[in-house]
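Just below is one structure, and these are the notes that go with it.
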Amino acid sequence: MRIPFNRPFASGKELDYIQEAISNMHISGDGPFTKKCQELLESLLAVPDVLLTTSCTHGLELSALLLNIRPGDEVIIPSFTFVSTVNAFVLRGAEPVFIDIRPDTLNMDESLLESLVTPRTRAIVPVHYAGIGCEMDPILEIAKQHGISVVEDNAHGLFGKYKGKYLGTFGCLAVQSFHETKNFTCGEGGALIINDPQFVERAEIIREKGANRSRFFRGQIDKYTWVDVGSSYLPSDLLAAYLYAQLESRELIQARRKRIWEYYYENLHEWAQERDIRLPIVPEHCDQSYHMFYLLLTTLKQRQDMIVRLNRQSINTVFHYLPLHLSEMGRRFGKPGDCPVTERVSDRLLRLPFYNDLTESEQSRVVAAIMDVE
Ligand SMILES: Cc1ncc(COP(=O)(O)O)c(C=O)c1O
């Protein structure tokens, strides 16, 4: 039996809730399940406002629109991230300034930030890689000194914490992903977390085609009209119904993922240490979200060989981000050597199968196969 890299998970109530959404006669956006998801996230994270979006990508695009990012602006973004983190700002004409990562957590190296800030810097976008928090204290301090906005890309990190505070609650804005590969999913989906209340009203408008429809549906105005730029970033209530079942099962899901992460760690760390292979590092002051488990192998060849040999044993493993500054598009903004840690890490990182119903016997097969091929 093949062990896939990811397998979508249903906690049990998804179909009932989708049926309920159909019975509610409201399957477009902003229906009862969208509101339930938003209210639940607002209360758990203790934030002023959460808006579900069609993806994390769209949450990022909404953030760039809210910050009025314009041609000529610079945005500091790790090269070691998904294309959407940077595309959202490039779409508005901004120039990404790629920052390297720390060798331990693979998060933005905050010690480099100050040297990259210019009078044109408008935003800093920390990505909490693998749901392990970036060093938010110094990042926020530098942002404050220079009057720069912080948008957290928390695609991996829902319910992770930095110094006891939830990831996604530090920047003026933050984004979540509910893509199939994430801890909580509805297939494709996301959320914008609004920590600075000045953005709430405009975010609703941009998300609703640039019209003040949300105010109209709340009965606050008697007709709605076009008031701003906008797009359609609200998901169907059918998706929100699926997501609500997942969010309700958050304790079960997180407990399972914690067990999976710890199994890998306990069974691989001695073997890895003896071979100079690195496992994820979680600083004391971070509570991770248990989003993924990876090995940092010693060479590109060792990583590629391992992918092939595990595949022969019906185990799917995958690499992760290719450095954005070396990509075809990214070379317009950066060049080889700009982010040396990113360049070294990207070649060697291998993600292991990780999904909510991965069993211990499947995991022991993965572990045995890794030790066998090395
Ligand atoms: C760091 C990061 N940001 C953004 C995204 C985009 O998420 P979505 O597929 O929900 O648009 C991803 C996707 O995996 C990601 O890893």
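Letters A, B, ... mark the chains of the structure tokens in the order given; residue numbers begin at 1 per chain; ligand numbers begin at 1, in order shown.
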Q) Within 9 Å of ligand 1, counting only C-alpha atoms and all ligand atoms: which residues, as a PyMOL selection string? A) chain A and resi 53-60+80-86+127-130+153-156+175-182+187-191+320-321
Selected residues written out with N, CA, C and O atoms, as a compact mmCIF listing (two decimals), in the first residue's frame:
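Saved to part.txt:
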```
# COMPACT_ATOMS: atom_id res chain seq x y z
N THR A 53 -11.60 33.69 3.13
CA THR A 53 -11.29 34.04 1.74
C THR A 53 -11.22 32.74 0.92
O THR A 53 -11.21 31.64 1.49
N THR A 54 -11.17 32.91 -0.38
CA THR A 54 -11.15 31.75 -1.27
C THR A 54 -9.82 31.00 -1.22
O THR A 54 -9.75 29.85 -1.65
N SER A 55 -8.78 31.64 -0.73
CA SER A 55 -7.48 30.98 -0.55
C SER A 55 -6.61 31.90 0.28
O SER A 55 -6.96 33.08 0.51
N CYS A 56 -5.47 31.37 0.69
CA CYS A 56 -4.49 32.21 1.36
C CYS A 56 -3.91 33.20 0.36
O CYS A 56 -3.65 34.36 0.68
N THR A 57 -3.74 32.73 -0.87
CA THR A 57 -3.26 33.61 -1.95
C THR A 57 -4.14 34.85 -2.04
O THR A 57 -3.65 35.98 -2.11
N HIS A 58 -5.45 34.63 -2.04
CA HIS A 58 -6.37 35.77 -2.13
C HIS A 58 -6.34 36.63 -0.86
O HIS A 58 -6.54 37.84 -0.92
N GLY A 59 -6.10 36.01 0.28
CA GLY A 59 -5.94 36.78 1.52
C GLY A 59 -4.74 37.71 1.40
O GLY A 59 -4.78 38.87 1.84
N LEU A 60 -3.67 37.21 0.78
CA LEU A 60 -2.46 38.03 0.59
C LEU A 60 -2.75 39.16 -0.40
O LEU A 60 -2.34 40.31 -0.19
N PHE A 80 12.60 32.00 0.69
CA PHE A 80 12.17 30.63 0.99
C PHE A 80 10.69 30.66 1.38
O PHE A 80 10.32 30.62 2.55
N THR A 81 9.82 30.77 0.37
CA THR A 81 8.38 30.75 0.62
C THR A 81 7.66 30.35 -0.66
O THR A 81 8.27 30.13 -1.70
N PHE A 82 6.35 30.28 -0.55
CA PHE A 82 5.50 29.93 -1.69
C PHE A 82 5.35 31.16 -2.60
O PHE A 82 5.40 32.30 -2.12
N VAL A 83 5.12 30.93 -3.88
CA VAL A 83 5.05 32.05 -4.82
C VAL A 83 4.00 33.09 -4.46
O VAL A 83 4.17 34.28 -4.73
N SER A 84 2.90 32.66 -3.84
CA SER A 84 1.82 33.61 -3.55
C SER A 84 2.24 34.71 -2.61
O SER A 84 1.73 35.83 -2.68
N THR A 85 3.15 34.40 -1.68
CA THR A 85 3.56 35.41 -0.69
C THR A 85 4.08 36.64 -1.44
O THR A 85 3.82 37.78 -1.06
N VAL A 86 4.82 36.37 -2.50
CA VAL A 86 5.44 37.47 -3.22
C VAL A 86 4.55 37.98 -4.37
O VAL A 86 4.44 39.20 -4.59
N VAL A 127 7.03 34.77 7.21
CA VAL A 127 6.34 33.50 6.95
C VAL A 127 6.71 32.55 8.10
O VAL A 127 7.89 32.27 8.30
N HIS A 128 5.74 32.08 8.83
CA HIS A 128 6.04 31.19 9.96
C HIS A 128 6.20 29.77 9.40
O HIS A 128 5.24 28.99 9.35
N TYR A 129 7.41 29.47 8.97
CA TYR A 129 7.64 28.21 8.25
C TYR A 129 7.36 27.02 9.16
O TYR A 129 7.82 26.96 10.30
N ALA A 130 6.62 26.06 8.62
CA ALA A 130 6.25 24.84 9.35
C ALA A 130 5.46 25.16 10.61
O ALA A 130 5.36 24.33 11.51
N ASP A 153 2.39 35.84 6.97
CA ASP A 153 1.90 34.71 6.18
C ASP A 153 1.91 33.51 7.11
O ASP A 153 2.95 32.89 7.37
N ASN A 154 0.72 33.21 7.63
CA ASN A 154 0.60 32.13 8.62
C ASN A 154 -0.09 30.91 7.99
O ASN A 154 -0.85 30.20 8.65
N ALA A 155 0.18 30.69 6.70
CA ALA A 155 -0.45 29.57 5.99
C ALA A 155 -0.26 28.25 6.73
O ALA A 155 -1.13 27.38 6.71
N HIS A 156 0.89 28.09 7.41
CA HIS A 156 1.19 26.81 8.07
C HIS A 156 0.82 26.81 9.55
O HIS A 156 0.88 25.75 10.17
N VAL A 175 -2.58 36.11 7.29
CA VAL A 175 -3.37 35.24 6.41
C VAL A 175 -3.18 33.77 6.77
O VAL A 175 -2.12 33.36 7.23
N GLN A 176 -4.25 33.00 6.57
CA GLN A 176 -4.26 31.56 6.83
C GLN A 176 -4.58 30.82 5.54
O GLN A 176 -5.23 31.38 4.66
N SER A 177 -4.18 29.56 5.47
CA SER A 177 -4.57 28.73 4.32
C SER A 177 -5.37 27.53 4.81
O SER A 177 -5.03 26.92 5.83
N PHE A 178 -6.43 27.21 4.06
CA PHE A 178 -7.18 25.98 4.34
C PHE A 178 -7.13 25.06 3.12
O PHE A 178 -8.08 24.34 2.82
N HIS A 179 -6.01 25.13 2.42
CA HIS A 179 -5.77 24.23 1.29
C HIS A 179 -5.71 22.78 1.80
O HIS A 179 -5.41 22.53 2.97
N GLU A 180 -5.95 21.87 0.91
CA GLU A 180 -5.99 20.44 1.26
C GLU A 180 -4.78 19.95 2.08
O GLU A 180 -4.90 19.02 2.88
N THR A 181 -3.62 20.55 1.87
CA THR A 181 -2.42 20.07 2.57
C THR A 181 -2.27 20.65 3.97
O THR A 181 -1.32 20.30 4.67
N LYS A 182 -3.17 21.54 4.39
CA LYS A 182 -2.99 22.21 5.68
C LYS A 182 -3.68 21.43 6.81
O LYS A 182 -4.48 20.54 6.57
N GLY A 187 -10.48 22.06 1.21
CA GLY A 187 -10.07 21.86 -0.18
C GLY A 187 -9.21 23.03 -0.64
O GLY A 187 -8.00 22.93 -0.77
N GLU A 188 -9.88 24.13 -0.91
CA GLU A 188 -9.22 25.40 -1.20
C GLU A 188 -9.89 26.45 -0.32
O GLU A 188 -11.12 26.56 -0.32
N GLY A 189 -9.10 27.22 0.39
CA GLY A 189 -9.70 28.26 1.23
C GLY A 189 -8.65 29.00 2.02
O GLY A 189 -7.48 28.61 2.03
N GLY A 190 -9.06 30.07 2.64
CA GLY A 190 -8.12 30.84 3.44
C GLY A 190 -8.86 31.80 4.35
O GLY A 190 -10.10 31.78 4.41
N ALA A 191 -8.10 32.62 5.04
CA ALA A 191 -8.71 33.64 5.89
C ALA A 191 -7.77 34.82 6.02
O ALA A 191 -6.55 34.65 5.97
N HIS A 320 10.61 21.05 -0.78
CA HIS A 320 9.72 22.21 -0.61
C HIS A 320 10.24 23.36 -1.42
O HIS A 320 10.83 23.14 -2.48
N TYR A 321 10.07 24.57 -0.95
CA TYR A 321 10.29 25.74 -1.79
C TYR A 321 11.64 25.78 -2.51
O TYR A 321 12.68 25.56 -1.89
```
(Q) I need the helix (DSSP H, G or I) residues of stretch 94-130 of chain A per DSSP on the backbone, written as a PyMOL selection string. (A) chain A and resi 110-116+129-130
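Restricting the calculation to only C-alpha atoms, the smallest distance between A:Pro78 and any of A:Phe33, A:Phe98, A:Tyr265, A:Tyr166 is found for A:Phe98.
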(Q) Taking the DSSP secondary structure from the backbone, can you list the residues of stretch 87-226 of chain A that are strand (DSSP E), as a PyMOL selection string? (A) chain A and resi 95-99+121-124+149-153+161-162+165-166+173-177+190-194
Convert the current residue selection to file output with C-alpha atoms, as a CSV table (one decimal), in the first residue's frame.
```
chain,number,residue,atom,x,y,z
A,95,GLU,CA,9.4,45.2,-5.9
A,96,PRO,CA,10.1,42.2,-3.6
A,97,VAL,CA,13.3,42.5,-1.6
A,98,PHE,CA,14.3,39.0,-0.7
A,99,ILE,CA,15.6,38.3,2.8
A,121,THR,CA,9.9,49.8,2.2
A,122,ARG,CA,6.1,49.5,2.8
A,123,ALA,CA,5.7,46.0,4.3
A,124,ILE,CA,7.5,43.1,5.9
A,149,SER,CA,3.3,47.4,8.0
A,150,VAL,CA,3.7,43.7,9.0
A,151,VAL,CA,1.6,41.1,7.2
A,152,GLU,CA,2.1,37.6,8.6
A,153,ASP,CA,1.9,34.7,6.2
A,161,LYS,CA,2.3,30.4,19.3
A,162,TYR,CA,5.2,32.8,19.7
A,165,LYS,CA,0.6,34.5,21.8
A,166,TYR,CA,-1.1,33.0,18.7
A,173,LEU,CA,-2.9,41.8,9.0
A,174,ALA,CA,-2.3,38.0,8.7
A,175,VAL,CA,-3.4,35.2,6.4
A,176,GLN,CA,-4.3,31.6,6.8
A,177,SER,CA,-4.6,28.7,4.3
A,190,GLY,CA,-8.1,30.8,3.4
A,191,ALA,CA,-8.7,33.6,5.9
A,192,LEU,CA,-7.6,37.2,6.5
A,193,ILE,CA,-7.0,38.1,10.1
A,194,ILE,CA,-7.4,41.8,10.8
```
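Across the structure, atom CA of A:Asp347 and atom CA of A:Gly168 are spaced 28.6 Å apart.
Take atom CA of A:Asp338 and atom CA of A:Met292: the distance between them is 26.7 Å.
For the pair atom CA of A:Asn311 and atom CA of A:Arg2, the interatomic distance is 8.9 Å.
Residues surrounding A:His285 within 8 Å are Tyr162, Lys163, Gly164, Pro283 and Asp287 of chain A [only C-alpha atoms; sequence separation below 2 positions excluded].
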Using the selection just defined, write its residues with C-alpha atoms as a PDB file, in the first residue's frame.
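Below is the file selection.pdb, written as the result:
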```pdb
ATOM      1  CA  TYR A 162       5.233  32.765  19.742  1.00  0.00           C
ATOM      2  CA  LYS A 163       5.952  33.600  23.397  1.00  0.00           C
ATOM      3  CA  GLY A 164       2.469  32.389  24.347  1.00  0.00           C
ATOM      4  CA  PRO A 283      12.818  27.190  19.930  1.00  0.00           C
ATOM      5  CA  ASP A 287       4.616  26.342  20.367  1.00  0.00           C
TER       6      ASP A 287
END
```
Q.
Report as number ranges by chain all protein, DNA and RNA residues lying within 12 Å of A:Phe5, evaluated on only C-alpha atoms, omitting residues in the same chain fewer than 4 positions from it.
A. A: 180-181, 292-294, 307, 310-311, 314-319, 350-358, 362-363, 366
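With only C-alpha atoms as the atoms that count, the residue of A:Arg348, A:Arg365, A:Arg250, A:Arg309 with the shortest distance to A:Leu40 is A:Arg250.
Shortest separation to A:Leu44 among A:Gly210, A:Leu158, A:Gly330, A:Arg218 occurs at residue A:Leu158, atoms counted being only C-alpha atoms.
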(Q) I'd like the contact shell of stretch 133-142 of chain A - 8 Å cut-off, only C-alpha atoms, skipping same-chain residues fewer than 6 positions apart - returned as a ChimeraX atom specification. (A) /A:105,107-108,110,113-114,126-127,150,157,160-162,167,170-171,286-288
I need the chosen residues saved as a PDB file, in the first residue's frame, with N, CA, C and O atoms.
```
ATOM      1  N   THR A 105      15.453  27.766  12.299  1.00  0.00           N
ATOM      2  CA  THR A 105      14.002  27.608  12.083  1.00  0.00           C
ATOM      3  C   THR A 105      13.594  27.728  10.611  1.00  0.00           C
ATOM      4  O   THR A 105      12.453  27.447  10.264  1.00  0.00           O
ATOM      5  N   ASN A 107      13.125  30.437   9.216  1.00  0.00           N
ATOM      6  CA  ASN A 107      12.294  31.637   9.144  1.00  0.00           C
ATOM      7  C   ASN A 107      13.156  32.842   8.784  1.00  0.00           C
ATOM      8  O   ASN A 107      14.379  32.816   8.996  1.00  0.00           O
ATOM      9  N   MET A 108      12.507  33.894   8.318  1.00  0.00           N
ATOM     10  CA  MET A 108      13.166  35.169   8.029  1.00  0.00           C
ATOM     11  C   MET A 108      14.248  35.462   9.064  1.00  0.00           C
ATOM     12  O   MET A 108      13.992  35.366  10.270  1.00  0.00           O
ATOM     13  N   GLU A 110      15.866  37.794  11.111  1.00  0.00           N
ATOM     14  CA  GLU A 110      15.548  39.160  11.540  1.00  0.00           C
ATOM     15  C   GLU A 110      16.790  40.028  11.692  1.00  0.00           C
ATOM     16  O   GLU A 110      16.703  41.253  11.615  1.00  0.00           O
ATOM     17  N   LEU A 113      17.210  42.304   8.689  1.00  0.00           N
ATOM     18  CA  LEU A 113      16.102  43.189   8.301  1.00  0.00           C
ATOM     19  C   LEU A 113      16.521  44.643   8.138  1.00  0.00           C
ATOM     20  O   LEU A 113      16.266  45.270   7.110  1.00  0.00           O
ATOM     21  N   GLU A 114      17.155  45.149   9.193  1.00  0.00           N
ATOM     22  CA  GLU A 114      17.522  46.569   9.223  1.00  0.00           C
ATOM     23  C   GLU A 114      18.291  46.963   7.957  1.00  0.00           C
ATOM     24  O   GLU A 114      18.036  48.015   7.364  1.00  0.00           O
ATOM     25  N   PRO A 126       6.632  38.283   7.293  1.00  0.00           N
ATOM     26  CA  PRO A 126       7.227  37.078   7.887  1.00  0.00           C
ATOM     27  C   PRO A 126       6.366  35.855   7.563  1.00  0.00           C
ATOM     28  O   PRO A 126       5.140  35.921   7.618  1.00  0.00           O
ATOM     29  N   VAL A 127       7.028  34.770   7.214  1.00  0.00           N
ATOM     30  CA  VAL A 127       6.335  33.498   6.951  1.00  0.00           C
ATOM     31  C   VAL A 127       6.713  32.554   8.095  1.00  0.00           C
ATOM     32  O   VAL A 127       7.894  32.275   8.302  1.00  0.00           O
ATOM     33  N   VAL A 150       3.350  45.138   8.921  1.00  0.00           N
ATOM     34  CA  VAL A 150       3.731  43.718   8.977  1.00  0.00           C
ATOM     35  C   VAL A 150       2.517  42.872   8.623  1.00  0.00           C
ATOM     36  O   VAL A 150       1.446  43.018   9.222  1.00  0.00           O
ATOM     37  N   GLY A 157       0.550  27.977  10.109  1.00  0.00           N
ATOM     38  CA  GLY A 157       0.717  28.079  11.566  1.00  0.00           C
ATOM     39  C   GLY A 157      -0.503  28.303  12.422  1.00  0.00           C
ATOM     40  O   GLY A 157      -0.364  28.747  13.565  1.00  0.00           O
ATOM     41  N   GLY A 160      -0.438  27.850  16.250  1.00  0.00           N
ATOM     42  CA  GLY A 160       0.925  27.908  16.779  1.00  0.00           C
ATOM     43  C   GLY A 160       1.066  29.200  17.581  1.00  0.00           C
ATOM     44  O   GLY A 160       0.269  30.134  17.440  1.00  0.00           O
ATOM     45  N   LYS A 161       2.085  29.250  18.468  1.00  0.00           N
ATOM     46  CA  LYS A 161       2.257  30.450  19.297  1.00  0.00           C
ATOM     47  C   LYS A 161       3.714  30.890  19.337  1.00  0.00           C
ATOM     48  O   LYS A 161       4.616  30.058  19.239  1.00  0.00           O
ATOM     49  N   TYR A 162       3.905  32.196  19.484  1.00  0.00           N
ATOM     50  CA  TYR A 162       5.233  32.765  19.742  1.00  0.00           C
ATOM     51  C   TYR A 162       5.142  33.465  21.095  1.00  0.00           C
ATOM     52  O   TYR A 162       4.268  34.330  21.284  1.00  0.00           O
ATOM     53  N   LEU A 167       0.194  32.861  16.635  1.00  0.00           N
ATOM     54  CA  LEU A 167       0.689  33.350  15.355  1.00  0.00           C
ATOM     55  C   LEU A 167      -0.513  33.882  14.577  1.00  0.00           C
ATOM     56  O   LEU A 167      -1.625  33.338  14.682  1.00  0.00           O
ATOM     57  N   PHE A 170       0.017  39.118  15.376  1.00  0.00           N
ATOM     58  CA  PHE A 170       1.072  40.124  15.592  1.00  0.00           C
ATOM     59  C   PHE A 170       1.037  41.262  14.568  1.00  0.00           C
ATOM     60  O   PHE A 170       1.181  42.423  14.924  1.00  0.00           O
ATOM     61  N   GLY A 171       0.909  40.914  13.289  1.00  0.00           N
ATOM     62  CA  GLY A 171       0.947  41.939  12.243  1.00  0.00           C
ATOM     63  C   GLY A 171      -0.363  42.702  12.196  1.00  0.00           C
ATOM     64  O   GLY A 171      -1.364  42.280  12.793  1.00  0.00           O
ATOM     65  N   CYS A 286       8.587  28.924  21.336  1.00  0.00           N
ATOM     66  CA  CYS A 286       7.589  28.720  20.278  1.00  0.00           C
ATOM     67  C   CYS A 286       6.790  27.441  20.523  1.00  0.00           C
ATOM     68  O   CYS A 286       7.373  26.393  20.803  1.00  0.00           O
ATOM     69  N   ASP A 287       5.465  27.546  20.413  1.00  0.00           N
ATOM     70  CA  ASP A 287       4.616  26.342  20.367  1.00  0.00           C
ATOM     71  C   ASP A 287       4.283  26.152  18.898  1.00  0.00           C
ATOM     72  O   ASP A 287       3.621  27.007  18.302  1.00  0.00           O
ATOM     73  N   GLN A 288       4.747  25.073  18.336  1.00  0.00           N
ATOM     74  CA  GLN A 288       4.532  24.900  16.898  1.00  0.00           C
ATOM     75  C   GLN A 288       3.109  24.414  16.601  1.00  0.00           C
ATOM     76  O   GLN A 288       2.391  23.956  17.495  1.00  0.00           O
TER      77      GLN A 288
END
```
Q | Spatial neighbours of A:Asp30, max dist 10 Å, only C-alpha atoms, sep filter under 5 positions, as a VMD selection string | A | chain A and resid 35 to 36 38 51 to 52 208 214 217 234 to 237 240
Export of the given selection (N, CA and C atoms) as a PDB file, in the first residue's frame:
```pdb
ATOM      1  N   LYS A  35     -20.080  32.679   8.778  1.00  0.00           N
ATOM      2  CA  LYS A  35     -20.120  33.490  10.015  1.00  0.00           C
ATOM      3  C   LYS A  35     -19.649  32.661  11.208  1.00  0.00           C
ATOM      4  N   LYS A  36     -20.075  31.384  11.253  1.00  0.00           N
ATOM      5  CA  LYS A  36     -19.655  30.525  12.380  1.00  0.00           C
ATOM      6  C   LYS A  36     -18.140  30.362  12.403  1.00  0.00           C
ATOM      7  N   GLN A  38     -15.885  32.339  11.109  1.00  0.00           N
ATOM      8  CA  GLN A  38     -15.242  33.615  11.429  1.00  0.00           C
ATOM      9  C   GLN A  38     -15.343  33.913  12.916  1.00  0.00           C
ATOM     10  N   LEU A  51     -12.000  37.312   8.188  1.00  0.00           N
ATOM     11  CA  LEU A  51     -12.827  37.143   6.990  1.00  0.00           C
ATOM     12  C   LEU A  51     -12.346  35.902   6.255  1.00  0.00           C
ATOM     13  N   LEU A  52     -13.235  34.952   6.021  1.00  0.00           N
ATOM     14  CA  LEU A  52     -12.833  33.804   5.199  1.00  0.00           C
ATOM     15  C   LEU A  52     -12.576  34.307   3.782  1.00  0.00           C
ATOM     16  N   GLU A 208     -15.763  42.014  -1.390  1.00  0.00           N
ATOM     17  CA  GLU A 208     -17.104  41.938  -2.010  1.00  0.00           C
ATOM     18  C   GLU A 208     -17.167  42.821  -3.246  1.00  0.00           C
ATOM     19  N   SER A 214     -21.819  44.143   2.101  1.00  0.00           N
ATOM     20  CA  SER A 214     -21.933  43.587   3.452  1.00  0.00           C
ATOM     21  C   SER A 214     -22.773  44.512   4.328  1.00  0.00           C
ATOM     22  N   PHE A 217     -26.383  43.985   3.364  1.00  0.00           N
ATOM     23  CA  PHE A 217     -26.988  42.748   3.881  1.00  0.00           C
ATOM     24  C   PHE A 217     -27.211  42.824   5.391  1.00  0.00           C
ATOM     25  N   LEU A 234     -14.705  35.877  -1.517  1.00  0.00           N
ATOM     26  CA  LEU A 234     -15.445  35.159  -0.469  1.00  0.00           C
ATOM     27  C   LEU A 234     -15.824  33.753  -0.937  1.00  0.00           C
ATOM     28  N   PRO A 235     -15.568  32.760  -0.083  1.00  0.00           N
ATOM     29  CA  PRO A 235     -15.856  31.375  -0.486  1.00  0.00           C
ATOM     30  C   PRO A 235     -17.327  31.022  -0.316  1.00  0.00           C
ATOM     31  N   SER A 236     -17.740  29.991  -1.037  1.00  0.00           N
ATOM     32  CA  SER A 236     -19.106  29.476  -0.891  1.00  0.00           C
ATOM     33  C   SER A 236     -19.331  28.977   0.533  1.00  0.00           C
ATOM     34  N   ASP A 237     -20.568  29.077   1.006  1.00  0.00           N
ATOM     35  CA  ASP A 237     -20.882  28.572   2.348  1.00  0.00           C
ATOM     36  C   ASP A 237     -20.768  27.042   2.429  1.00  0.00           C
ATOM     37  N   ALA A 240     -17.350  26.635   3.637  1.00  0.00           N
ATOM     38  CA  ALA A 240     -17.289  27.045   5.045  1.00  0.00           C
ATOM     39  C   ALA A 240     -17.891  25.956   5.938  1.00  0.00           C
TER      40      ALA A 240
END
```
Q.
Which residues are near A:Val341? Cut-off 7 Å, only C-alpha atoms, ignore same chain within fewer than 3 positions. Put them as a list in words.
A. Asp100, Ile101, Pro103, Arg344 and Val345 of chain A
Export N, CA, C and O atoms of the chosen residues as a compact mmCIF listing (two decimals), in the first residue's frame?
```txt
# COMPACT_ATOMS: atom_id res chain seq x y z
N ASP A 100 17.10 36.56 3.50
CA ASP A 100 17.51 35.18 3.75
C ASP A 100 16.87 34.66 5.04
O ASP A 100 16.25 35.42 5.80
N ILE A 101 17.02 33.35 5.27
CA ILE A 101 16.42 32.72 6.45
C ILE A 101 17.48 32.35 7.48
O ILE A 101 18.66 32.23 7.16
N PRO A 103 19.35 29.67 9.78
CA PRO A 103 19.61 28.25 9.52
C PRO A 103 18.86 27.31 10.47
O PRO A 103 18.67 26.15 10.16
N ARG A 344 21.26 26.93 0.25
CA ARG A 344 21.79 25.66 0.78
C ARG A 344 20.68 24.75 1.28
O ARG A 344 20.68 23.55 1.06
N VAL A 345 19.69 25.35 1.96
CA VAL A 345 18.63 24.56 2.60
C VAL A 345 17.68 23.95 1.55
O VAL A 345 17.29 22.78 1.66
```
